[in-house]
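**Student:** Just so it is clear, I am handing over upload_10.txt, which has compact mmCIF, C-alpha atoms.
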```
# COMPACT_ATOMS: atom_id res chain seq x y z
CA MET A 1 0.00 0.00 0.00
CA GLU A 2 1.47 3.34 -1.06
CA LYS A 3 1.37 6.28 1.28
CA GLU A 4 0.08 9.57 -0.01
CA THR A 5 2.81 12.19 0.10
CA ILE A 6 2.41 15.89 0.71
CA ILE A 7 3.17 16.52 -2.96
CA ASP A 8 0.48 14.02 -4.02
CA ASN A 9 -1.97 15.72 -1.66
CA GLN A 10 -1.12 19.16 -3.09
CA ARG A 11 -1.56 17.82 -6.63
CA VAL A 12 -5.03 16.46 -5.78
CA LYS A 13 -6.01 19.79 -4.18
CA THR A 14 -4.78 21.65 -7.26
CA GLU A 15 -6.71 19.33 -9.59
CA LYS A 16 -9.89 19.88 -7.54
CA LYS A 17 -9.46 23.67 -7.65
CA LEU A 18 -8.89 23.60 -11.42
CA LYS A 19 -11.95 21.39 -11.94
CA LYS A 20 -14.04 23.79 -9.85
CA MET A 21 -12.71 26.72 -11.87
CA PHE A 22 -13.05 25.26 -15.38
CA GLY A 23 -15.29 22.19 -15.09
CA HIS A 24 -18.53 24.08 -15.75
CA ILE A 25 -17.40 25.91 -18.91
CA ASP A 26 -19.05 25.02 -22.21
CA TYR A 27 -16.15 25.38 -24.65
CA ARG A 28 -18.50 25.56 -27.67
CA ASN A 29 -20.00 28.75 -26.16
CA PRO A 30 -17.27 30.40 -24.07
CA PRO A 31 -18.40 33.15 -21.70
CA GLU A 32 -17.94 36.77 -22.78
CA LEU A 33 -16.74 37.72 -19.34
CA CYS A 34 -13.82 35.77 -17.97
CA THR A 35 -12.85 36.88 -14.50
CA ILE A 36 -9.42 35.30 -14.72
CA ARG A 37 -8.58 36.81 -18.09
CA ASP A 38 -10.04 40.21 -17.21
CA VAL A 39 -8.27 40.49 -13.85
CA LEU A 40 -4.94 39.22 -15.13
CA SER A 41 -4.96 41.42 -18.23
CA LEU A 42 -5.28 44.53 -16.07
CA SER A 43 -3.24 43.76 -12.99
CA SER A 44 -0.55 41.42 -14.26
CA ASP A 45 1.02 43.13 -17.22
CA LYS A 46 4.67 43.95 -16.63
CA TRP A 47 4.05 47.64 -15.86
CA SER A 48 1.05 47.24 -13.55
CA THR A 49 2.79 44.52 -11.57
CA LEU A 50 5.82 46.74 -10.99
CA ILE A 51 3.65 49.76 -10.11
CA ILE A 52 1.70 47.70 -7.58
CA LEU A 53 4.84 46.18 -6.06
CA TYR A 54 6.55 49.57 -5.71
CA LEU A 55 3.43 51.02 -4.08
CA GLY A 56 3.48 48.02 -1.76
CA TYR A 57 7.03 48.90 -0.74
CA PHE A 58 6.63 52.69 -0.65
CA PRO A 59 3.28 53.56 0.96
CA VAL A 60 2.92 56.77 -1.07
CA LEU A 61 4.55 57.75 -4.36
CA ARG A 62 4.20 60.64 -6.77
CA PHE A 63 4.13 60.20 -10.55
CA ASN A 64 7.79 61.09 -11.20
CA LYS A 65 9.06 58.81 -8.43
CA LEU A 66 7.02 55.94 -9.85
CA LYS A 67 8.40 56.69 -13.30
CA LYS A 68 11.93 56.61 -11.89
CA TYR A 69 11.37 53.25 -10.15
CA VAL A 70 9.47 51.61 -13.02
CA TYR A 71 12.44 51.96 -15.34
CA GLY A 72 11.65 52.15 -19.04
CA ILE A 73 7.97 53.08 -18.79
CA SER A 74 6.79 56.11 -20.79
CA ASN A 75 4.74 58.93 -19.26
CA LYS A 76 1.77 57.93 -21.41
CA VAL A 77 1.81 54.26 -20.40
CA LEU A 78 2.37 55.08 -16.72
CA SER A 79 -0.56 57.49 -16.81
CA GLU A 80 -2.79 54.90 -18.52
CA ARG A 81 -1.81 52.14 -16.08
CA LEU A 82 -2.37 54.38 -13.05
CA LYS A 83 -5.83 55.39 -14.30
CA ALA A 84 -6.79 51.77 -14.97
CA LEU A 85 -5.50 50.57 -11.59
CA GLU A 86 -7.40 53.39 -9.87
CA THR A 87 -10.57 52.60 -11.83
CA TYR A 88 -10.49 48.96 -10.76
CA GLY A 89 -9.74 49.75 -7.13
CA TYR A 90 -6.09 48.76 -6.79
CA LEU A 91 -4.83 52.20 -5.91
CA HIS A 92 -5.96 55.54 -4.60
CA ARG A 93 -5.06 58.85 -6.25
CA ARG A 94 -4.97 61.91 -4.02
CA VAL A 95 -4.77 65.39 -5.53
CA TYR A 96 -3.61 68.35 -3.43
CA ALA A 97 -4.78 71.85 -4.32
CA GLU A 98 -1.31 73.37 -4.43
CA VAL A 99 0.74 75.23 -6.98
CA PRO A 100 2.21 73.29 -8.62
CA ILE A 101 -0.41 70.57 -8.22
CA ARG A 102 0.68 67.55 -6.19
CA VAL A 103 -0.70 64.06 -6.86
CA GLU A 104 0.10 61.05 -4.72
CA TYR A 105 -0.67 57.38 -5.29
CA SER A 106 -1.13 54.69 -2.66
CA LEU A 107 -2.59 51.20 -2.56
CA THR A 108 -6.12 50.55 -1.42
CA GLU A 109 -6.82 47.65 0.91
CA PHE A 110 -7.77 45.65 -2.18
CA GLY A 111 -4.43 46.56 -3.79
CA GLN A 112 -2.57 45.59 -0.64
CA ASN A 113 -4.26 42.18 -0.68
CA TYR A 114 -3.14 41.76 -4.28
CA VAL A 115 0.45 42.63 -3.30
CA GLU A 116 0.42 39.73 -0.85
CA LYS A 117 -0.51 37.35 -3.70
CA LEU A 118 2.08 38.91 -6.00
CA LEU A 119 4.73 38.40 -3.35
CA GLU A 120 3.95 34.69 -3.22
CA LEU A 121 4.41 34.52 -6.98
CA THR A 122 7.61 36.60 -6.99
CA GLU A 123 9.07 34.47 -4.18
CA TRP A 124 8.31 31.38 -6.27
CA MET A 125 9.97 33.01 -9.31
CA GLN A 126 13.09 33.94 -7.33
CA LYS A 127 13.35 30.43 -5.87
CA ASN A 128 13.00 28.85 -9.32
CA ASN A 129 15.00 31.43 -11.26
CA PRO A 130 18.08 29.17 -11.75
CA MET A 131 15.89 26.43 -13.23
CA ILE A 132 14.03 28.93 -15.44
CA ILE A 133 17.32 30.31 -16.79
CA ALA A 134 18.76 26.81 -17.29
CA ASN A 135 15.64 25.74 -19.22
CA LYS A 136 15.81 28.88 -21.34
CA ASP A 137 19.49 28.34 -22.04
CA LYS A 138 18.80 24.78 -23.26
CA PHE A 139 16.72 26.15 -26.11
CA GLN A 140 19.01 28.99 -27.18
CA ILE A 141 20.67 28.56 -30.55
CA LYS A 142 24.42 28.84 -30.28
```
Please lay out the structure from this file as structure tokens.
**Tutor:**
Amino acid sequence: MEKETIIDNQRVKTEKKLKKMFGHIDYRNPPELCTIRDVLSLSSDKWSTLIILYLGYFPVLRFNKLKKYVYGISNKVLSERLKALETYGYLHRRVYAEVPIRVEYSLTEFGQNYVEKLLELTEWMQKNNPMIIANKDKFQIK
């Protein structure tokens, strides 16, 4: 008689969660709204993920500081991402009636909860980074 290992138990739990998530979908008539796709497309692109993580580390940031930290992002894309993240409740935008105008961004409670999930994923990526690089290197043409 084989004993069930922790890994086997985790695999079974994962299979059950996936079945619960996808088991009811009629693939001939896919739903117009897909929570997974819609949430991930907004909050998990490379820029939004970095914005959210930096706002998780620094409680409050202004536009130019965010632009400095999120290296390589254009003003237009940063502005678009910030508006989208605010619209969907990930962050809060606070405008001060000063000259010049001052705008600060911070995470909402919802955004902070998302940071916790992102940290789990980034910890997994850091732990597995050597394997990811080794796998990538196997397929590089020399």
**Student:** What is the distance between CA of Leu66 in chain A and CA of Asn113 in chain A, in Å to one decimal?
**Tutor:**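 Separation of CA of Leu66 in chain A and CA of Asn113 in chain A: 20.0 Å.
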**Student:** Just give me the gap between CA of Pro59 in chain A and CA of Asp38 in chain A in Å, one decimal is fine.
**Tutor:**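 For CA of Pro59 in chain A relative to CA of Asp38 in chain A, the distance reads 26.2 Å.
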**Student:** When you draw a straight line from CA of Ser41 in chain A to CA of Tyr88 in chain A, how long is it in Å?
**Tutor:** 12.0 Å
**Student:** Neighbouring residues of His92 in chain A were defined as those with any atom within 9 Å, considering all atoms listed in the file; residues of the same chain fewer than 3 positions away were excluded. Please report them as a PyMOL selection string.
**Tutor:** chain A and resi 85-86+89+104-108
**Student:** Counting all atoms listed in the file, figure out which residue out of A:Lys16, A:Lys83, A:Lys76, A:His24 gets nearest to Leu42 in chain A.
**Tutor:**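 Using all atoms listed in the file, Leu42 in chain A sits closest to A:Lys83.
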**Student:** May I have the residues within 12 Å of Leu61 in chain A as JSON, numbers by chain, using only C-alpha atoms and disregarding those fewer than 3 positions away in the same chain?
**Tutor:** {"A": [51, 52, 53, 54, 55, 56, 57, 58, 64, 65, 66, 67, 68, 69, 70, 82, 91, 92, 93, 94, 102, 103, 104, 105, 106, 107]}
**Student:** Quick one: residues within 12 Å of Lys46 in chain A, all atoms listed in the file, excluding same-chain residues fewer than 6 positions away - as a list in words?
**Tutor:**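 Within the cut-off, the hits are Leu40, Ile52, Leu53, Val70, Tyr71, Gly72, Ile73, Val77, Leu78 and Arg81 of chain A.
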**Student:** Using the atoms already present, construct all heavy atoms for range 45-56 of chain A and hand them back as a PDB file, keeping the file's coordinate frame.
**Tutor:**
```pdb
ATOM      1  N   ASP A  45       0.066  42.791 -16.167  1.00  0.00           N
ATOM      2  CA  ASP A  45       1.020  43.130 -17.220  1.00  0.00           C
ATOM      3  C   ASP A  45       2.288  43.624 -16.539  1.00  0.00           C
ATOM      4  O   ASP A  45       2.283  43.948 -15.360  1.00  0.00           O
ATOM      5  CB  ASP A  45       0.436  44.179 -18.184  1.00  0.00           C
ATOM      6  CG  ASP A  45       0.221  45.524 -17.524  1.00  0.00           C
ATOM      7  OD1 ASP A  45       1.183  46.320 -17.477  1.00  0.00           O
ATOM      8  OD2 ASP A  45      -0.902  45.786 -17.052  1.00  0.00           O
ATOM      9  N   LYS A  46       3.379  43.661 -17.279  1.00  0.00           N
ATOM     10  CA  LYS A  46       4.670  43.950 -16.630  1.00  0.00           C
ATOM     11  C   LYS A  46       4.683  45.302 -15.921  1.00  0.00           C
ATOM     12  O   LYS A  46       5.278  45.440 -14.865  1.00  0.00           O
ATOM     13  CB  LYS A  46       5.820  43.848 -17.623  1.00  0.00           C
ATOM     14  CG  LYS A  46       5.852  44.937 -18.679  1.00  0.00           C
ATOM     15  CD  LYS A  46       7.034  44.744 -19.597  1.00  0.00           C
ATOM     16  CE  LYS A  46       7.091  45.800 -20.661  1.00  0.00           C
ATOM     17  NZ  LYS A  46       8.216  45.625 -21.555  1.00  0.00           N
ATOM     18  N   TRP A  47       4.006  46.307 -16.486  1.00  0.00           N
ATOM     19  CA  TRP A  47       4.050  47.640 -15.860  1.00  0.00           C
ATOM     20  C   TRP A  47       3.175  47.691 -14.620  1.00  0.00           C
ATOM     21  O   TRP A  47       3.597  48.210 -13.582  1.00  0.00           O
ATOM     22  CB  TRP A  47       3.640  48.708 -16.863  1.00  0.00           C
ATOM     23  CG  TRP A  47       4.512  48.784 -18.072  1.00  0.00           C
ATOM     24  CD1 TRP A  47       4.114  48.680 -19.375  1.00  0.00           C
ATOM     25  CD2 TRP A  47       5.938  48.979 -18.127  1.00  0.00           C
ATOM     26  NE1 TRP A  47       5.184  48.799 -20.215  1.00  0.00           N
ATOM     27  CE2 TRP A  47       6.322  48.987 -19.485  1.00  0.00           C
ATOM     28  CE3 TRP A  47       6.928  49.132 -17.160  1.00  0.00           C
ATOM     29  CZ2 TRP A  47       7.638  49.149 -19.899  1.00  0.00           C
ATOM     30  CZ3 TRP A  47       8.242  49.299 -17.569  1.00  0.00           C
ATOM     31  CH2 TRP A  47       8.581  49.307 -18.914  1.00  0.00           C
ATOM     32  N   SER A  48       1.960  47.179 -14.706  1.00  0.00           N
ATOM     33  CA  SER A  48       1.050  47.240 -13.550  1.00  0.00           C
ATOM     34  C   SER A  48       1.611  46.465 -12.374  1.00  0.00           C
ATOM     35  O   SER A  48       1.509  46.905 -11.230  1.00  0.00           O
ATOM     36  CB  SER A  48      -0.327  46.687 -13.927  1.00  0.00           C
ATOM     37  OG  SER A  48      -0.937  47.512 -14.881  1.00  0.00           O
ATOM     38  N   THR A  49       2.202  45.323 -12.641  1.00  0.00           N
ATOM     39  CA  THR A  49       2.790  44.520 -11.570  1.00  0.00           C
ATOM     40  C   THR A  49       3.880  45.307 -10.853  1.00  0.00           C
ATOM     41  O   THR A  49       3.913  45.354  -9.622  1.00  0.00           O
ATOM     42  CB  THR A  49       3.365  43.203 -12.133  1.00  0.00           C
ATOM     43  OG1 THR A  49       2.297  42.478 -12.750  1.00  0.00           O
ATOM     44  CG2 THR A  49       3.988  42.364 -11.044  1.00  0.00           C
ATOM     45  N   LEU A  50       4.753  45.949 -11.618  1.00  0.00           N
ATOM     46  CA  LEU A  50       5.820  46.740 -10.990  1.00  0.00           C
ATOM     47  C   LEU A  50       5.264  47.934 -10.225  1.00  0.00           C
ATOM     48  O   LEU A  50       5.716  48.244  -9.119  1.00  0.00           O
ATOM     49  CB  LEU A  50       6.821  47.209 -12.055  1.00  0.00           C
ATOM     50  CG  LEU A  50       7.704  46.108 -12.635  1.00  0.00           C
ATOM     51  CD1 LEU A  50       8.513  46.639 -13.815  1.00  0.00           C
ATOM     52  CD2 LEU A  50       8.621  45.536 -11.573  1.00  0.00           C
ATOM     53  N   ILE A  51       4.274  48.614 -10.802  1.00  0.00           N
ATOM     54  CA  ILE A  51       3.650  49.760 -10.110  1.00  0.00           C
ATOM     55  C   ILE A  51       3.075  49.298  -8.780  1.00  0.00           C
ATOM     56  O   ILE A  51       3.310  49.922  -7.734  1.00  0.00           O
ATOM     57  CB  ILE A  51       2.549  50.381 -10.995  1.00  0.00           C
ATOM     58  CG1 ILE A  51       3.166  51.079 -12.204  1.00  0.00           C
ATOM     59  CG2 ILE A  51       1.697  51.364 -10.189  1.00  0.00           C
ATOM     60  CD1 ILE A  51       2.167  51.435 -13.301  1.00  0.00           C
ATOM     61  N   ILE A  52       2.329  48.204  -8.807  1.00  0.00           N
ATOM     62  CA  ILE A  52       1.700  47.700  -7.580  1.00  0.00           C
ATOM     63  C   ILE A  52       2.743  47.280  -6.557  1.00  0.00           C
ATOM     64  O   ILE A  52       2.621  47.579  -5.369  1.00  0.00           O
ATOM     65  CB  ILE A  52       0.724  46.547  -7.919  1.00  0.00           C
ATOM     66  CG1 ILE A  52      -0.483  47.098  -8.680  1.00  0.00           C
ATOM     67  CG2 ILE A  52       0.291  45.809  -6.671  1.00  0.00           C
ATOM     68  CD1 ILE A  52      -1.373  46.034  -9.299  1.00  0.00           C
ATOM     69  N   LEU A  53       3.792  46.600  -7.000  1.00  0.00           N
ATOM     70  CA  LEU A  53       4.840  46.180  -6.060  1.00  0.00           C
ATOM     71  C   LEU A  53       5.566  47.379  -5.446  1.00  0.00           C
ATOM     72  O   LEU A  53       5.843  47.392  -4.249  1.00  0.00           O
ATOM     73  CB  LEU A  53       5.821  45.228  -6.738  1.00  0.00           C
ATOM     74  CG  LEU A  53       5.288  43.820  -7.007  1.00  0.00           C
ATOM     75  CD1 LEU A  53       6.263  43.031  -7.870  1.00  0.00           C
ATOM     76  CD2 LEU A  53       5.012  43.080  -5.702  1.00  0.00           C
ATOM     77  N   TYR A  54       5.887  48.385  -6.262  1.00  0.00           N
ATOM     78  CA  TYR A  54       6.550  49.570  -5.710  1.00  0.00           C
ATOM     79  C   TYR A  54       5.643  50.303  -4.726  1.00  0.00           C
ATOM     80  O   TYR A  54       6.102  50.799  -3.691  1.00  0.00           O
ATOM     81  CB  TYR A  54       7.025  50.519  -6.809  1.00  0.00           C
ATOM     82  CG  TYR A  54       8.363  50.109  -7.378  1.00  0.00           C
ATOM     83  CD1 TYR A  54       8.489  49.727  -8.706  1.00  0.00           C
ATOM     84  CD2 TYR A  54       9.500  50.077  -6.580  1.00  0.00           C
ATOM     85  CE1 TYR A  54       9.717  49.336  -9.229  1.00  0.00           C
ATOM     86  CE2 TYR A  54      10.731  49.680  -7.091  1.00  0.00           C
ATOM     87  CZ  TYR A  54      10.826  49.316  -8.407  1.00  0.00           C
ATOM     88  OH  TYR A  54      12.027  48.918  -8.919  1.00  0.00           O
ATOM     89  N   LEU A  55       4.350  50.373  -5.026  1.00  0.00           N
ATOM     90  CA  LEU A  55       3.430  51.020  -4.080  1.00  0.00           C
ATOM     91  C   LEU A  55       3.224  50.155  -2.835  1.00  0.00           C
ATOM     92  O   LEU A  55       2.838  50.661  -1.798  1.00  0.00           O
ATOM     93  CB  LEU A  55       2.093  51.318  -4.755  1.00  0.00           C
ATOM     94  CG  LEU A  55       2.125  52.529  -5.687  1.00  0.00           C
ATOM     95  CD1 LEU A  55       0.844  52.620  -6.505  1.00  0.00           C
ATOM     96  CD2 LEU A  55       2.365  53.812  -4.915  1.00  0.00           C
ATOM     97  N   GLY A  56       3.493  48.871  -2.949  1.00  0.00           N
ATOM     98  CA  GLY A  56       3.480  48.020  -1.760  1.00  0.00           C
ATOM     99  C   GLY A  56       4.681  48.294  -0.869  1.00  0.00           C
ATOM    100  O   GLY A  56       4.597  48.226   0.352  1.00  0.00           O
TER     101      GLY A  56
END
```
